[in-house]
Every structure is written in C-alpha cells, then in structure tokens.
>>> print(open('target_32.txt').read())   # compact mmCIF, C-alpha atoms
# COMPACT_ATOMS: atom_id res chain seq x y z
CA MET A 167 -74.59 -8.19 -195.37
CA ILE A 168 -72.78 -7.23 -192.17
CA ASP A 169 -73.09 -9.91 -189.48
CA PRO A 170 -71.74 -8.49 -186.19
CA VAL A 171 -72.08 -11.80 -184.35
CA ARG A 172 -70.00 -13.58 -186.97
CA ASP A 173 -67.51 -10.73 -186.96
CA LEU A 174 -67.17 -11.00 -183.19
CA ALA A 175 -66.17 -14.64 -183.67
CA SER A 176 -63.58 -13.55 -186.23
CA VAL A 177 -62.24 -10.98 -183.78
CA ARG A 178 -61.82 -13.70 -181.16
CA GLU A 179 -59.96 -15.92 -183.63
CA ALA A 180 -57.69 -13.06 -184.72
CA THR A 181 -56.96 -12.10 -181.10
CA ASP A 182 -56.13 -15.67 -180.13
CA ARG A 183 -53.82 -15.93 -183.15
CA LEU A 184 -51.95 -12.80 -182.11
CA LEU A 185 -51.70 -13.83 -178.46
CA ASP A 186 -50.47 -17.30 -179.39
CA ALA A 187 -47.74 -15.76 -181.54
CA ALA A 188 -46.68 -13.35 -178.81
CA ALA A 189 -46.56 -16.05 -176.14
CA SER A 190 -43.08 -17.09 -177.31
CA TRP A 191 -41.62 -13.58 -177.02
CA ASP A 192 -39.57 -12.11 -174.20
CA ASN A 193 -39.35 -8.57 -172.85
CA ALA A 194 -36.60 -7.68 -175.33
CA THR A 195 -38.81 -8.74 -178.24
CA VAL A 196 -41.73 -6.57 -177.18
CA ALA A 197 -39.41 -3.56 -176.85
CA GLN A 198 -38.14 -3.88 -180.43
CA PRO A 199 -39.42 -1.60 -183.22
CA SER A 200 -42.60 -2.55 -185.02
CA ARG A 201 -43.20 -1.80 -188.70
CA LEU A 202 -45.01 1.41 -187.77
CA PRO A 203 -42.58 4.35 -187.63
CA GLY A 204 -41.87 5.44 -184.08
CA TRP A 205 -43.73 2.59 -182.44
CA SER A 206 -42.34 -0.47 -180.71
CA ARG A 207 -44.23 -3.73 -180.52
CA GLY A 208 -45.15 -2.60 -177.02
CA HIS A 209 -46.83 0.47 -178.50
CA LEU A 210 -48.91 -1.76 -180.76
CA LEU A 211 -49.98 -4.05 -177.94
CA ALA A 212 -50.85 -1.08 -175.75
CA HIS A 213 -52.83 0.44 -178.61
CA LEU A 214 -54.79 -2.79 -179.14
CA ALA A 215 -55.73 -2.92 -175.47
CA ARG A 216 -56.77 0.72 -175.30
CA ASN A 217 -58.65 0.41 -178.61
CA ALA A 218 -60.73 -2.42 -177.17
CA ASP A 219 -61.64 -0.19 -174.23
CA ALA A 220 -62.42 2.65 -176.65
CA LEU A 221 -64.76 0.51 -178.74
CA VAL A 222 -66.55 -0.59 -175.57
CA ASN A 223 -67.12 3.11 -174.96
CA VAL A 224 -68.52 3.46 -178.47
CA LEU A 225 -70.93 0.55 -178.07
CA GLN A 226 -72.10 1.91 -174.72
CA GLY A 227 -72.69 5.43 -176.02
CA ARG A 228 -69.67 7.19 -174.51
CA PRO A 229 -66.94 9.16 -176.32
CA MET A 230 -64.42 6.80 -177.86
CA TYR A 231 -61.49 8.58 -176.17
CA ALA A 232 -61.44 11.42 -173.66
CA SER A 233 -59.27 13.31 -176.16
CA ALA A 234 -56.65 12.68 -178.82
CA GLU A 235 -54.01 13.72 -176.32
CA ALA A 236 -55.28 11.27 -173.70
CA ARG A 237 -55.31 8.46 -176.28
CA ASP A 238 -51.70 9.09 -177.24
CA ALA A 239 -50.59 9.50 -173.61
CA ASP A 240 -52.20 6.19 -172.60
CA ILE A 241 -50.38 4.35 -175.38
CA GLU A 242 -47.02 5.92 -174.43
CA ARG A 243 -47.63 5.09 -170.77
CA ASP A 244 -48.42 1.44 -171.45
CA ALA A 245 -45.91 0.76 -174.23
CA VAL A 246 -43.00 0.04 -171.88
CA ARG A 247 -44.72 -2.60 -169.74
CA PRO A 248 -43.32 -6.13 -169.47
CA LEU A 249 -44.60 -8.70 -171.94
CA ASP A 250 -46.77 -10.61 -169.47
CA VAL A 251 -48.54 -7.40 -168.42
CA GLN A 252 -49.07 -6.42 -172.04
CA LEU A 253 -50.58 -9.76 -173.01
CA ASP A 254 -52.80 -9.91 -169.93
CA ASP A 255 -54.11 -6.46 -170.82
CA VAL A 256 -54.77 -7.34 -174.47
CA ARG A 257 -56.56 -10.51 -173.38
CA ALA A 258 -58.67 -8.89 -170.65
CA THR A 259 -59.74 -5.91 -172.76
CA ALA A 260 -60.57 -8.20 -175.70
CA GLU A 261 -62.79 -10.25 -173.41
CA ARG A 262 -64.57 -7.09 -172.23
CA PHE A 263 -65.17 -5.98 -175.79
CA ASP A 264 -66.48 -9.42 -176.70
CA ALA A 265 -68.80 -9.48 -173.68
CA VAL A 266 -70.28 -6.08 -174.51
CA GLY A 267 -70.63 -7.10 -178.15
CA ARG A 268 -72.65 -10.16 -177.14
CA GLU A 269 -75.19 -8.10 -175.20
CA PRO A 270 -78.61 -7.57 -176.85
CA ALA A 271 -78.40 -4.35 -178.84
CA ASP A 272 -79.80 -2.36 -181.72
CA TRP A 273 -77.09 -3.00 -184.30
CA ASP A 274 -78.69 -0.53 -186.72
CA ARG A 275 -78.12 2.44 -184.43
CA ILE A 276 -75.54 5.05 -185.41
CA VAL A 277 -72.50 5.38 -183.16
CA GLU A 278 -69.73 7.97 -183.07
CA LEU A 279 -66.05 7.08 -183.35
CA ARG A 280 -63.00 9.40 -183.47
CA ASN A 281 -62.95 12.82 -185.08
CA GLY A 282 -66.70 12.92 -185.60
CA VAL A 283 -66.77 9.78 -187.75
CA THR A 284 -70.06 7.90 -187.47
CA ASP A 285 -71.03 4.38 -188.47
CA ARG A 286 -73.60 1.72 -187.82
CA ALA A 287 -73.01 -0.19 -184.60
CA ALA A 288 -73.05 -3.38 -186.67
CA ARG A 289 -69.74 -2.41 -188.28
CA VAL A 290 -67.88 -1.93 -184.98
CA PRO A 291 -66.89 -5.62 -184.65
CA PHE A 292 -65.39 -5.53 -188.14
CA ARG A 293 -63.51 -2.35 -187.26
CA ARG A 294 -62.03 -4.19 -184.29
CA TRP A 295 -61.11 -7.12 -186.54
CA VAL A 296 -59.23 -4.65 -188.75
CA GLU A 297 -57.28 -3.34 -185.76
CA VAL A 298 -56.24 -6.78 -184.57
CA ALA A 299 -55.49 -8.27 -187.98
CA LEU A 300 -53.52 -5.41 -189.53
CA HIS A 301 -51.58 -4.66 -186.36
CA HIS A 302 -50.63 -8.33 -186.12
CA VAL A 303 -48.95 -7.80 -189.49
CA ASP A 304 -47.45 -4.52 -188.23
CA LEU A 305 -45.73 -6.38 -185.39
CA GLY A 306 -43.29 -7.78 -187.94
CA VAL A 307 -43.12 -11.28 -186.50
CA GLY A 308 -43.75 -13.37 -189.62
CA TYR A 309 -47.49 -12.86 -190.02
CA GLU A 310 -48.06 -11.18 -193.37
CA LEU A 311 -50.91 -9.78 -195.44
CA GLU A 312 -50.90 -13.03 -197.40
CA ASP A 313 -51.74 -14.89 -194.17
CA LEU A 314 -54.93 -12.91 -193.54
CA PRO A 315 -58.25 -14.65 -194.22
CA GLU A 316 -59.48 -13.99 -197.76
CA GLU A 317 -62.83 -12.73 -196.46
CA PHE A 318 -61.05 -10.14 -194.35
CA VAL A 319 -58.82 -9.00 -197.21
CA LEU A 320 -61.72 -8.47 -199.62
CA ARG A 321 -63.92 -6.74 -197.05
CA GLU A 322 -61.16 -4.38 -195.98
CA ILE A 323 -60.46 -3.53 -199.62
CA ASP A 324 -64.21 -2.76 -199.92
CA PHE A 325 -63.99 -0.51 -196.88
CA LEU A 326 -60.87 1.37 -197.98
CA ALA A 327 -62.02 1.78 -201.58
CA GLU A 328 -65.20 3.35 -200.22
CA ARG A 329 -63.17 5.55 -197.88
CA PHE A 330 -61.11 7.03 -200.74
CA THR A 331 -64.10 7.45 -203.09
CA GLY A 332 -64.35 11.10 -204.10
CA HIS A 333 -61.15 12.01 -202.23
CA LYS A 334 -59.75 15.31 -203.50
CA ASP A 335 -56.24 13.90 -203.88
CA VAL A 336 -57.09 10.61 -205.60
CA PRO A 337 -57.91 10.39 -209.33
CA SER A 338 -60.61 8.10 -210.63
CA THR A 339 -59.24 4.61 -210.07
CA GLY A 340 -60.47 1.15 -210.93
CA ILE A 341 -59.04 -1.78 -209.00
CA ARG A 342 -59.00 -5.38 -210.11
CA SER A 343 -57.66 -8.31 -208.09
CA GLU A 344 -56.22 -11.45 -209.61
CA GLY A 345 -59.31 -13.23 -208.32
CA GLY A 346 -61.50 -11.06 -210.57
CA GLN A 347 -62.95 -8.78 -207.90
CA VAL A 348 -63.45 -5.19 -209.03
CA TRP A 349 -63.64 -1.93 -207.09
CA THR A 350 -63.71 1.79 -207.92
CA THR A 351 -62.33 4.59 -205.80
CA GLY A 352 -61.03 8.14 -205.95
CA GLY A 353 -62.48 10.54 -208.48
CA GLY A 354 -61.89 13.79 -206.64
CA ALA A 355 -58.57 14.66 -208.32
CA GLU A 356 -57.73 15.40 -211.93
CA GLY A 357 -56.38 12.62 -214.09
CA GLY A 358 -57.34 9.05 -214.68
CA PRO A 359 -59.06 6.86 -215.02
CA VAL A 360 -56.26 4.65 -213.76
CA THR A 361 -56.64 0.88 -213.57
CA VAL A 362 -54.71 -0.88 -210.79
CA SER A 363 -54.41 -4.65 -210.74
CA GLY A 364 -52.61 -7.34 -208.78
CA PRO A 365 -52.97 -9.86 -205.96
CA ALA A 366 -55.59 -8.92 -203.38
CA PRO A 367 -53.09 -8.82 -200.45
CA GLU A 368 -50.94 -6.38 -202.44
CA VAL A 369 -54.00 -4.25 -203.19
CA LEU A 370 -54.84 -4.20 -199.50
CA GLY A 371 -51.26 -3.33 -198.59
CA TRP A 372 -51.32 -0.37 -200.97
CA LEU A 373 -54.71 0.92 -199.82
CA ALA A 374 -53.84 0.48 -196.14
CA GLY A 375 -50.43 2.13 -196.43
CA ARG A 376 -48.57 -1.08 -195.60
CA ARG A 377 -46.91 -1.54 -199.02
CA ASP A 378 -45.71 0.84 -201.71
CA GLY A 379 -47.70 -0.73 -204.54
CA SER A 380 -44.61 -1.73 -206.52
CA ALA A 381 -46.08 -5.23 -206.98
CA LEU A 382 -49.20 -3.77 -208.63
CA LYS A 383 -49.71 -2.88 -212.30
CA ALA A 384 -51.08 0.55 -213.16
CA GLU A 385 -52.55 1.39 -216.57
CA GLY A 386 -53.81 4.76 -217.79
CA GLY A 387 -51.45 6.67 -215.53
CA PRO A 388 -49.07 6.28 -212.61
CA LEU A 389 -50.11 4.42 -209.47
CA PRO A 390 -52.06 6.96 -207.40
CA GLN A 391 -50.33 8.25 -204.29
CA LEU A 392 -52.82 7.68 -201.50
CA PRO A 393 -53.14 10.01 -198.51
CA PRO A 394 -52.45 8.55 -195.06
CA LEU A 395 -55.35 6.89 -193.29
>>> encode(input="target_32.txt", output="structure tokens")
Amino acid sequence: MIDPVRDLASVREATDRLLDAAASWDNATVAQPSRLPGWSRGHLLAHLARNADALVNVLQGRPMYASAEARDADIERDAVRPLDVQLDDVRATAERFDAVGREPADWDRIVELRNGVTDRAARVPFRRWVEVALHHVDLGVGYELEDLPEEFVLREIDFLAERFTGHKDVPSTGIRSEGGQVWTTGGGAEGGPVTVSGPAPEVLGWLAGRRDGSALKAEGGPLPQLPPL
C-alpha cells in the first residue's frame, strides 16, 4: 500500500542526509565529476532542485517541465553555481515540495509526468525519494547502494521490475534476492527464462543502470542487457 505521507517523511530524511553530507564540501568538490557521464556534482544538485520544482508543477496540475530543452538548459545554467547557492536551492525547493505534498489532496487522481507518462498522485512522493536517494549515490561521495534503506531498495526493485515487464528488448527474467524476495520482469524479447539472483542492492544497481551486474548470478542464459531508463 502506497502511503504518500510516510513517503514524504522519507523524502525529508533522504534530503537531510544528502545536505548534511554536502555541507563539508567546498566549491572545488561540487565542480568535480559525478558518477553520471557528463555531469558534475553541480549538475546533480541543480537537477535535484529543478526536479523538486517540476514535481510541484505535477502535483498542482501544470506541465512538469516547459519542454525537454528548457529542463536541460536550466540544469546547465545552475550547475556552475557556488556550493552555498546550490545547497540553499536544494533545501528551499525541497521545502516547497514538502509543503505542497502536505496540502489536502486527492491522492488517487492521475497526474502527468514527462513524456506523457502518467501515475497516481500518491506515487509522486516515492518518485521524489528515488531522485534524492539514487542521486546521492551518483554523487560519488561514499554513500552507496548498500547504505540505502532496505524498504527503499525493495520498493525501487518492484518499480523497475514492473517498468521492464513486457519490454521488447528484455527476455523473460525472474529475479531473486538473497533475502528471498522474488520478482519477474521482461518477457518481450526472445530467449529465457533467465533467473538472476544476488544481493538486493546489486539487483537494484543492475536494474537502475548503476552497476554492470557482474556481482549477480544468471542461470538459463546470459544476464539480460537492460535498456537505459
């Protein structure tokens, strides 16, 4: 059961964790490359701030971004700002998102995100949690997939397994974590069924494109090559 109020609390905790980690940086640190190709840590912080604004738009019934080009231009514009400006922006936009999320609302309504994607409003806080948590890992400052809350890891695996279900490039795939959780995905490509098993953080890393899956075991065929998210 999705609980948007509880997820909002998790977003606040994840945001505070990221801001606390970044408080010890300097301007040189924020300008260094992140783990995402072509993006500095400043790009990631700018993206997190603009994403919070975008999800406020979603919750209030406006387009998430004016356009894909405007989204990218805003991130490039803001990526080079000094650390204190970056952190103030992440903090202020997170507070705005939290305030809008706390307003009385019909959480069962359908909202529109990017590229025509729709979802229940109730899932928007979890989507924000995903942005903050995974991009904290992407910053490359010692916070790893293994440090993420177990609830988050399992729920994001649920989400990504569902996303790849029926995908034309992914064969039928069963996934099993060391904790005994089981998922199915793919099924739109020839081959399989393939069974993939390993630690839940490694499963998440593979599904989310953060790890190559070399720490996972594949049976019934090679480890499926997943399309980019």
>>> residues_around(input="target_32.txt", residues="Glu242 of chain A", least_positions_apart="4", cutoff="12 Å", atoms="all atoms listed in the file", output="PDB file with C-alpha atoms, in the coordinates of the input")
ATOM      1  CA  GLY A 204     -41.870   5.440-184.080  1.00  0.00           C
ATOM      2  CA  TRP A 205     -43.730   2.590-182.440  1.00  0.00           C
ATOM      3  CA  SER A 206     -42.340  -0.470-180.710  1.00  0.00           C
ATOM      4  CA  ARG A 207     -44.230  -3.730-180.520  1.00  0.00           C
ATOM      5  CA  GLY A 208     -45.150  -2.600-177.020  1.00  0.00           C
ATOM      6  CA  HIS A 209     -46.830   0.470-178.500  1.00  0.00           C
ATOM      7  CA  LEU A 210     -48.910  -1.760-180.760  1.00  0.00           C
ATOM      8  CA  LEU A 211     -49.980  -4.050-177.940  1.00  0.00           C
ATOM      9  CA  ALA A 212     -50.850  -1.080-175.750  1.00  0.00           C
ATOM     10  CA  HIS A 213     -52.830   0.440-178.610  1.00  0.00           C
ATOM     11  CA  ARG A 216     -56.770   0.720-175.300  1.00  0.00           C
ATOM     12  CA  GLU A 235     -54.010  13.720-176.320  1.00  0.00           C
ATOM     13  CA  ALA A 236     -55.280  11.270-173.700  1.00  0.00           C
ATOM     14  CA  ARG A 237     -55.310   8.460-176.280  1.00  0.00           C
ATOM     15  CA  ASP A 238     -51.700   9.090-177.240  1.00  0.00           C
ATOM     16  CA  VAL A 246     -43.000   0.040-171.880  1.00  0.00           C
ATOM     17  CA  ARG A 247     -44.720  -2.600-169.740  1.00  0.00           C
TER      18      ARG A 247
END
>>> residues_around(input="target_32.txt", residues="segment 311-321 of chain A", least_positions_apart="3", cutoff="8 Å", atoms="only C-alpha atoms", output="list in words")
Ala299, Leu300, Val303, Asp324, Phe325, Ala366, Pro367, Glu368, Leu370 and Gly371 of chain A
>>> write_last_selection(input="target_32.txt", atoms="C-alpha atoms", output="JSON list (two decimals), in the frame of the given file")
[["chain", "number", "residue", "atom", "x", "y", "z"],
["A", 299, "ALA", "CA", -55.49, -8.27, -187.98],
["A", 300, "LEU", "CA", -53.52, -5.41, -189.53],
["A", 303, "VAL", "CA", -48.95, -7.80, -189.49],
["A", 324, "ASP", "CA", -64.21, -2.76, -199.92],
["A", 325, "PHE", "CA", -63.99, -0.51, -196.88],
["A", 366, "ALA", "CA", -55.59, -8.92, -203.38],
["A", 367, "PRO", "CA", -53.09, -8.82, -200.45],
["A", 368, "GLU", "CA", -50.94, -6.38, -202.44],
["A", 370, "LEU", "CA", -54.84, -4.20, -199.50],
["A", 371, "GLY", "CA", -51.26, -3.33, -198.59]]
>>> atom_distance(input="target_32.txt", atom1="atom CA of Ala189 of chain A", atom2="atom CA of Leu249 of chain A")
8.7 Å
>>> closest_residue(input="target_32.txt", among="A:Pro203, A:Gly267, A:Gly340, A:Gly387", to="Arg289 of chain A", atoms="only C-alpha atoms")
A:Gly267
>>> atom_distance(input="target_32.txt", atom1="atom CA of Arg376 of chain A", atom2="atom CA of Asp255 of chain A")
26.0 Å
>>> residues_around(input="target_32.txt", residues="Glu278 of chain A", least_positions_apart="3", cutoff="9 Å", atoms="all atoms listed in the file", output="VMD selection string")
chain A and resid 224 227 to 230 281 to 287
>>> axis_aligned_box(input="target_32.txt", around="segment 337-346 of chain A", padding_each_side="4 Å", output="lines of an AutoDock Vina configuration file")
center_x = -58.9
center_y = -1.4
center_z = -209.5
size_x = 13.3
size_y = 31.6
size_z = 10.8
>>> closest_residue(input="target_32.txt", among="A:Arg329, A:Glu179, A:Gly346, A:Ala187", to="Gly308 of chain A", atoms="all atoms listed in the file")
A:Ala187
>>> residues_around(input="target_32.txt", residues="Val362 of chain A", least_positions_apart="6", cutoff="10 Å", atoms="only C-alpha atoms", output="list in words")
Thr339, Gly340, Ile341, Arg342, Ser343, Val348, Trp349, Thr350, Val369, Gly379, Leu382, Lys383, Ala384, Glu385, Gly386, Gly387, Pro388, Leu389 and Pro390 of chain A
>>> residues_around(input="target_32.txt", residues="segment 335-337 of chain A", least_positions_apart="3", cutoff="9 Å", atoms="only C-alpha atoms", output="PyMOL selection string")
chain A and resi 330-332+351-360+390-393
>>> atom_distance(input="target_32.txt", atom1="atom CA of Arg262 of chain A", atom2="atom CA of Asn223 of chain A")
10.9 Å
>>> residues_near_point(input="target_32.txt", point="(-39.2, -12.7, -175.1)", cutoff="12 Å", atoms="only C-alpha atoms", output="VMD selection string")
chain A and resid 187 to 198 207 to 208 248 to 250 253
>>> closest_residue(input="target_32.txt", among="A:Leu225, A:Ala220, A:Leu305, A:Leu202", to="Ala288 of chain A", atoms="only C-alpha atoms")
A:Leu225
>>> closest_residue(input="target_32.txt", among="A:Glu344, A:Asp304, A:Asp378, A:Asp254", to="Gly364 of chain A", atoms="all atoms listed in the file")
A:Glu344
